[in-house]
Amino acid sequence: MDTINSIDYPVYFENTLTQLVNFIEKGNYSRCFVLTDEFTSVHCLPLLQEHLGPADNFDIIEVNAGEESKTIEFCEGIWSTLIDFGADRHGLMINLGGGVIGDMGGFAASVYKRGMDFVQVPTTLLSQVDASIGGKTGIDFNNLKNIIGTFTSPKAVFIEPAFLNTLPQRQILSGYAEMLKHGLIEDAAYWNLLKEQGTELQIPLPGLVYQSVAIKNRVVVADPFEKGYRKCLNFGHTVGHAVETYSLQNDKSPITHGEAVAIGMICEAWLSHQKAGLSADELAEISTVLKSLYPKYELDESCYNTLNALMKIDKKNQNGLINCTLLEKIGQCSINHICTEEELCDSISYYGKL
Ligand code: NAD
Ligand code: ZN
């Protein structure tokens, strides 16, 4: 699998950790800092350490796992630790983890001493096919997801399939939702390949991960700052983000990003049938595939107001209007569809009746 050239950095798929060591040697960095969470420090750090060599070659910064850590308080912790370690701006931050570590580590590095280099070593399927590609960094604030952040490219991304071996099945499925999205918005043949994997989903083949990265990369290279076409990646995310935030605020054990996006894709496929020409057959196909892969989440009418309020404050909107990316058919989408509150509620009620 060839290296993919993204906006202004390479994405490596072969001999990734050797490539990382070569990259560090060439970069002449004053010091390396590996950012991990409590699980990646157990499951992923040992393999990285085998390549990085003696422990005094680098420092480790560990944060708690999970979305709850993607906050300004944890960034303060990272910055304080960098200061304690005497980090200067010629250091390198190595983000070893899922999307939380990649987004927060990228953000923390992008503003530390006005910008320190960082690389992404994504260890979840979701971060390999999605979060590590495209240069968005950020944290959650005031219970709003990714509301503070920057567009800052990593210096490189290293996608190592071995890390997925320890990933729980639920996290595999979470990333798989973004892969399915890539097929739905851009590539019908890829969607067909994925849907044939069925419900016994194992770790997806590296070739499928590569194809997803290639699709996301085509989009972000065409529109790095999300002025227009990049919004196609938001398919499923208008309703999806609202459901995810709702679950984070209300559930003891919140649903994953991918589970929320799968719900969002069913709702937005229904909207696509109403407003963008998606056929009834394709709506049924999308609903059946997603329903078979992801658990049902109860959303009764009592939460519609909360969901609508969350969708209204979504940062994808303009002038207070709720904006969706919809499918014209499988493999082709169009952006900037204004949807009313009533339409959105109807779409959620379609999901509820499936
Ligand atoms: P995550 O980083 O919370 O990882 C999920 C869980 O898996 C965590 O508990 C983590 O410790 C564990 N884990 C990670 N790697 C592991 C491994 N190899 N083995 C065992 N356990 C492992 O979540 P995620 O799903 O990777 O990412 C979600 C985040 O990504 C969200 O905050 C979302 O906003 C963000 N995101 C960002 C972008 C972007 O463009 N920047 C795109 C999509 C999503
Ligand atoms: Zn997503």
# chains A, B, ... in the order shown; residues from 1 in each chain; ligands from 1
$ residues_around --residues "Thr245 in chain A" --least-positions-apart "2" --cutoff "9 Å" --atoms "only C-alpha atoms" --output "VMD selection string"
chain A and resid 143 to 145 240 to 243 247 to 250 254 307 310
$ closest_atom_pairs --of "chain A" --to "ligand 2" --cutoff "8 Å" --atoms "only C-alpha atoms and all ligand atoms" --output "Markdown table"
| residue | atom | partner | partner_atom_place_in_ligand_line | distance |
| --- | --- | --- | --- | --- |
| A:Asp130 | CA | ligand 2 | 1 (Zn) | 7.2 |
| A:Ala131 | CA | ligand 2 | 1 (Zn) | 7.7 |
| A:Glu178 | CA | ligand 2 | 1 (Zn) | 6.1 |
| A:Leu233 | CA | ligand 2 | 1 (Zn) | 7.9 |
| A:Asn234 | CA | ligand 2 | 1 (Zn) | 7.4 |
| A:His237 | CA | ligand 2 | 1 (Zn) | 6.5 |
| A:His257 | CA | ligand 2 | 1 (Zn) | 6.5 |
| A:Gly258 | CA | ligand 2 | 1 (Zn) | 6.7 |
| A:Val261 | CA | ligand 2 | 1 (Zn) | 6.5 |
$ closest_atom_pairs --of "chain A" --to "ligand 1" --cutoff "6 Å" --atoms "only C-alpha atoms and all ligand atoms" --output "tab-separated table"
residue	atom	partner	partner_atom_place_in_ligand_line	distance
A:Asp37	CA	ligand 1	11 (O)	5.6
A:Phe39	CA	ligand 1	11 (O)	4.4
A:Thr40	CA	ligand 1	16 (C)	5.2
A:His43	CA	ligand 1	19 (N)	5.4
A:Cys44	CA	ligand 1	18 (N)	5.8
A:Ala65	CA	ligand 1	11 (O)	4.7
A:Gly66	CA	ligand 1	3 (O)	4.1
A:Glu67	CA	ligand 1	3 (O)	5.4
A:Gly97	CA	ligand 1	14 (C)	5.0
A:Gly98	CA	ligand 1	2 (O)	3.2
A:Gly99	CA	ligand 1	27 (O)	3.2
A:Val100	CA	ligand 1	2 (O)	3.9
A:Ile101	CA	ligand 1	2 (O)	5.6
A:Asp103	CA	ligand 1	41 (N)	5.4
A:Thr123	CA	ligand 1	15 (N)	4.3
A:Thr124	CA	ligand 1	15 (N)	4.6
A:Leu126	CA	ligand 1	26 (O)	5.0
A:Ser127	CA	ligand 1	26 (O)	4.8
A:Asp130	CA	ligand 1	42 (C)	5.1
A:Ala131	CA	ligand 1	38 (C)	3.4
A:Gly134	CA	ligand 1	40 (O)	6.0
A:Lys136	CA	ligand 1	41 (N)	4.4
A:Thr137	CA	ligand 1	41 (N)	5.3
A:Phe163	CA	ligand 1	18 (N)	4.4
A:Leu164	CA	ligand 1	18 (N)	5.0
A:Thr166	CA	ligand 1	19 (N)	4.1
A:Leu167	CA	ligand 1	19 (N)	3.8
$ residues_around --residues "Val219 in chain A" --least-positions-apart "6" --cutoff "12 Å" --atoms "only C-alpha atoms" --output "PyMOL selection string"
chain A and resi 6-7+130+133-134+182+185-186+212-213+225-234
$ write_last_selection --atoms "N, CA, C and O atoms" --output "mmCIF file, in the first residue's frame"
data_model
loop_
_atom_site.group_PDB
_atom_site.id
_atom_site.type_symbol
_atom_site.label_atom_id
_atom_site.label_comp_id
_atom_site.auth_asym_id
_atom_site.auth_seq_id
_atom_site.Cartn_x
_atom_site.Cartn_y
_atom_site.Cartn_z
ATOM 1 N N SER A 6 -1.354 13.561 2.073
ATOM 2 C CA SER A 6 -2.507 14.365 2.460
ATOM 3 C C SER A 6 -2.178 15.843 2.265
ATOM 4 O O SER A 6 -1.239 16.167 1.538
ATOM 5 N N ILE A 7 -2.932 16.712 2.922
ATOM 6 C CA ILE A 7 -2.856 18.147 2.645
ATOM 7 C C ILE A 7 -1.388 18.592 2.527
ATOM 8 O O ILE A 7 -0.973 19.104 1.498
ATOM 9 N N ASP A 130 -10.440 7.973 10.098
ATOM 10 C CA ASP A 130 -11.143 9.247 10.118
ATOM 11 C C ASP A 130 -10.392 10.337 10.887
ATOM 12 O O ASP A 130 -9.836 11.276 10.287
ATOM 13 N N ILE A 133 -6.945 11.924 9.989
ATOM 14 C CA ILE A 133 -6.765 12.452 8.638
ATOM 15 C C ILE A 133 -7.497 13.781 8.506
ATOM 16 O O ILE A 133 -8.697 13.855 8.808
ATOM 17 N N GLY A 134 -6.823 14.819 8.084
ATOM 18 C CA GLY A 134 -7.541 16.050 7.766
ATOM 19 C C GLY A 134 -7.191 17.262 8.603
ATOM 20 O O GLY A 134 -7.668 18.358 8.333
ATOM 21 N N HIS A 182 -18.082 6.599 4.392
ATOM 22 C CA HIS A 182 -17.230 6.917 3.236
ATOM 23 C C HIS A 182 -17.791 6.282 1.964
ATOM 24 O O HIS A 182 -17.800 6.898 0.900
ATOM 25 N N ILE A 185 -21.144 8.204 0.873
ATOM 26 C CA ILE A 185 -21.023 9.553 0.289
ATOM 27 C C ILE A 185 -20.226 9.580 -1.008
ATOM 28 O O ILE A 185 -20.411 10.457 -1.838
ATOM 29 N N GLU A 186 -19.331 8.609 -1.213
ATOM 30 C CA GLU A 186 -18.369 8.765 -2.315
ATOM 31 C C GLU A 186 -18.187 7.554 -3.208
ATOM 32 O O GLU A 186 -17.655 7.673 -4.299
ATOM 33 N N SER A 212 -10.625 3.606 2.834
ATOM 34 C CA SER A 212 -11.339 4.654 3.557
ATOM 35 C C SER A 212 -10.484 5.905 3.705
ATOM 36 O O SER A 212 -10.960 7.028 3.521
ATOM 37 N N VAL A 213 -9.220 5.688 4.055
ATOM 38 C CA VAL A 213 -8.319 6.843 4.198
ATOM 39 C C VAL A 213 -8.223 7.567 2.856
ATOM 40 O O VAL A 213 -8.257 8.801 2.792
ATOM 41 N N PHE A 225 -10.187 23.461 4.594
ATOM 42 C CA PHE A 225 -10.764 24.269 5.682
ATOM 43 C C PHE A 225 -12.293 24.226 5.724
ATOM 44 O O PHE A 225 -12.932 25.088 6.298
ATOM 45 N N GLU A 226 -12.860 23.229 5.093
ATOM 46 C CA GLU A 226 -14.307 23.019 5.124
ATOM 47 C C GLU A 226 -15.099 24.250 4.681
ATOM 48 O O GLU A 226 -16.024 24.697 5.344
ATOM 49 N N LYS A 227 -14.705 24.775 3.537
ATOM 50 C CA LYS A 227 -15.467 25.895 2.973
ATOM 51 C C LYS A 227 -16.693 25.360 2.238
ATOM 52 O O LYS A 227 -17.693 26.060 2.077
ATOM 53 N N GLY A 228 -16.595 24.161 1.722
ATOM 54 C CA GLY A 228 -17.707 23.619 0.950
ATOM 55 C C GLY A 228 -17.726 22.105 0.981
ATOM 56 O O GLY A 228 -18.228 21.498 1.922
ATOM 57 N N TYR A 229 -17.095 21.464 -0.023
ATOM 58 C CA TYR A 229 -17.293 20.038 -0.243
ATOM 59 C C TYR A 229 -16.952 19.150 0.956
ATOM 60 O O TYR A 229 -17.556 18.096 1.140
ATOM 61 N N ARG A 230 -16.001 19.585 1.793
ATOM 62 C CA ARG A 230 -15.642 18.749 2.955
ATOM 63 C C ARG A 230 -16.849 18.459 3.850
ATOM 64 O O ARG A 230 -16.871 17.487 4.589
ATOM 65 N N LYS A 231 -17.863 19.327 3.741
ATOM 66 C CA LYS A 231 -19.067 19.097 4.551
ATOM 67 C C LYS A 231 -19.722 17.759 4.225
ATOM 68 O O LYS A 231 -20.569 17.282 4.969
ATOM 69 N N CYS A 232 -19.368 17.155 3.070
ATOM 70 C CA CYS A 232 -19.973 15.854 2.747
ATOM 71 C C CYS A 232 -19.640 14.818 3.820
ATOM 72 O O CYS A 232 -20.394 13.882 4.042
ATOM 73 N N LEU A 233 -18.513 15.020 4.523
ATOM 74 C CA LEU A 233 -18.128 14.077 5.585
ATOM 75 C C LEU A 233 -19.072 14.163 6.781
ATOM 76 O O LEU A 233 -19.029 13.340 7.677
ATOM 77 N N ASN A 234 -19.910 15.212 6.788
ATOM 78 C CA ASN A 234 -20.846 15.376 7.897
ATOM 79 C C ASN A 234 -22.104 14.538 7.742
ATOM 80 O O ASN A 234 -22.994 14.585 8.597
#
$ residues_around --residues "Phe118 in chain A" --least-positions-apart "6" --cutoff "9 Å" --atoms "only C-alpha atoms" --output "mmCIF file with N, CA and C atoms, in the first residue's frame"
data_model
loop_
_atom_site.group_PDB
_atom_site.id
_atom_site.type_symbol
_atom_site.label_atom_id
_atom_site.label_comp_id
_atom_site.auth_asym_id
_atom_site.auth_seq_id
_atom_site.Cartn_x
_atom_site.Cartn_y
_atom_site.Cartn_z
ATOM 1 N N GLY A 91 10.426 20.263 20.206
ATOM 2 C CA GLY A 91 10.096 18.887 20.573
ATOM 3 C C GLY A 91 9.053 18.320 19.621
ATOM 4 N N LEU A 92 8.785 17.039 19.800
ATOM 5 C CA LEU A 92 7.777 16.363 18.975
ATOM 6 C C LEU A 92 6.790 15.646 19.888
ATOM 7 N N MET A 93 5.512 15.865 19.644
ATOM 8 C CA MET A 93 4.471 15.131 20.382
ATOM 9 C C MET A 93 4.008 13.972 19.517
ATOM 10 N N ILE A 94 4.036 12.783 20.092
ATOM 11 C CA ILE A 94 3.575 11.579 19.375
ATOM 12 C C ILE A 94 2.248 11.166 20.002
ATOM 13 N N ASN A 95 1.161 11.328 19.272
ATOM 14 C CA ASN A 95 -0.164 11.028 19.823
ATOM 15 C C ASN A 95 -0.490 9.566 19.590
ATOM 16 N N GLY A 105 -4.271 15.884 21.801
ATOM 17 C CA GLY A 105 -2.816 16.034 21.705
ATOM 18 C C GLY A 105 -2.443 16.991 20.580
ATOM 19 N N GLY A 106 -3.174 16.886 19.464
ATOM 20 C CA GLY A 106 -2.921 17.800 18.341
ATOM 21 C C GLY A 106 -3.204 19.241 18.753
ATOM 22 N N ALA A 109 -0.547 20.467 21.322
ATOM 23 C CA ALA A 109 0.729 20.744 20.646
ATOM 24 C C ALA A 109 0.620 21.974 19.753
ATOM 25 N N SER A 110 -0.536 22.146 19.122
ATOM 26 C CA SER A 110 -0.649 23.228 18.126
ATOM 27 C C SER A 110 -0.540 24.610 18.751
ATOM 28 N N SER A 153 -2.104 20.744 10.693
ATOM 29 C CA SER A 153 -1.702 19.437 10.167
ATOM 30 C C SER A 153 -0.680 18.789 11.076
ATOM 31 N N PRO A 154 -0.800 17.462 11.238
ATOM 32 C CA PRO A 154 0.324 16.745 11.855
ATOM 33 C C PRO A 154 1.477 16.741 10.855
ATOM 34 N N LYS A 155 2.668 16.388 11.323
ATOM 35 C CA LYS A 155 3.793 16.292 10.384
ATOM 36 C C LYS A 155 3.719 14.989 9.595
ATOM 37 N N ALA A 156 3.080 13.977 10.171
ATOM 38 C CA ALA A 156 2.891 12.700 9.471
ATOM 39 C C ALA A 156 1.892 11.857 10.265
#
$ select_by_dssp --residues "range 143-317 of chain A" --states "alpha helix (DSSP H)" --output "MDAnalysis selection string"
chainID A and resid 169:186 188:195 206:222 237:250 257:275 280:293 304:312
$ closest_residue --among "A:Ile60, A:Ile78, A:Ala108, A:Ile266" --to "Leu96 in chain A" --atoms "only C-alpha atoms"
A:Ile60
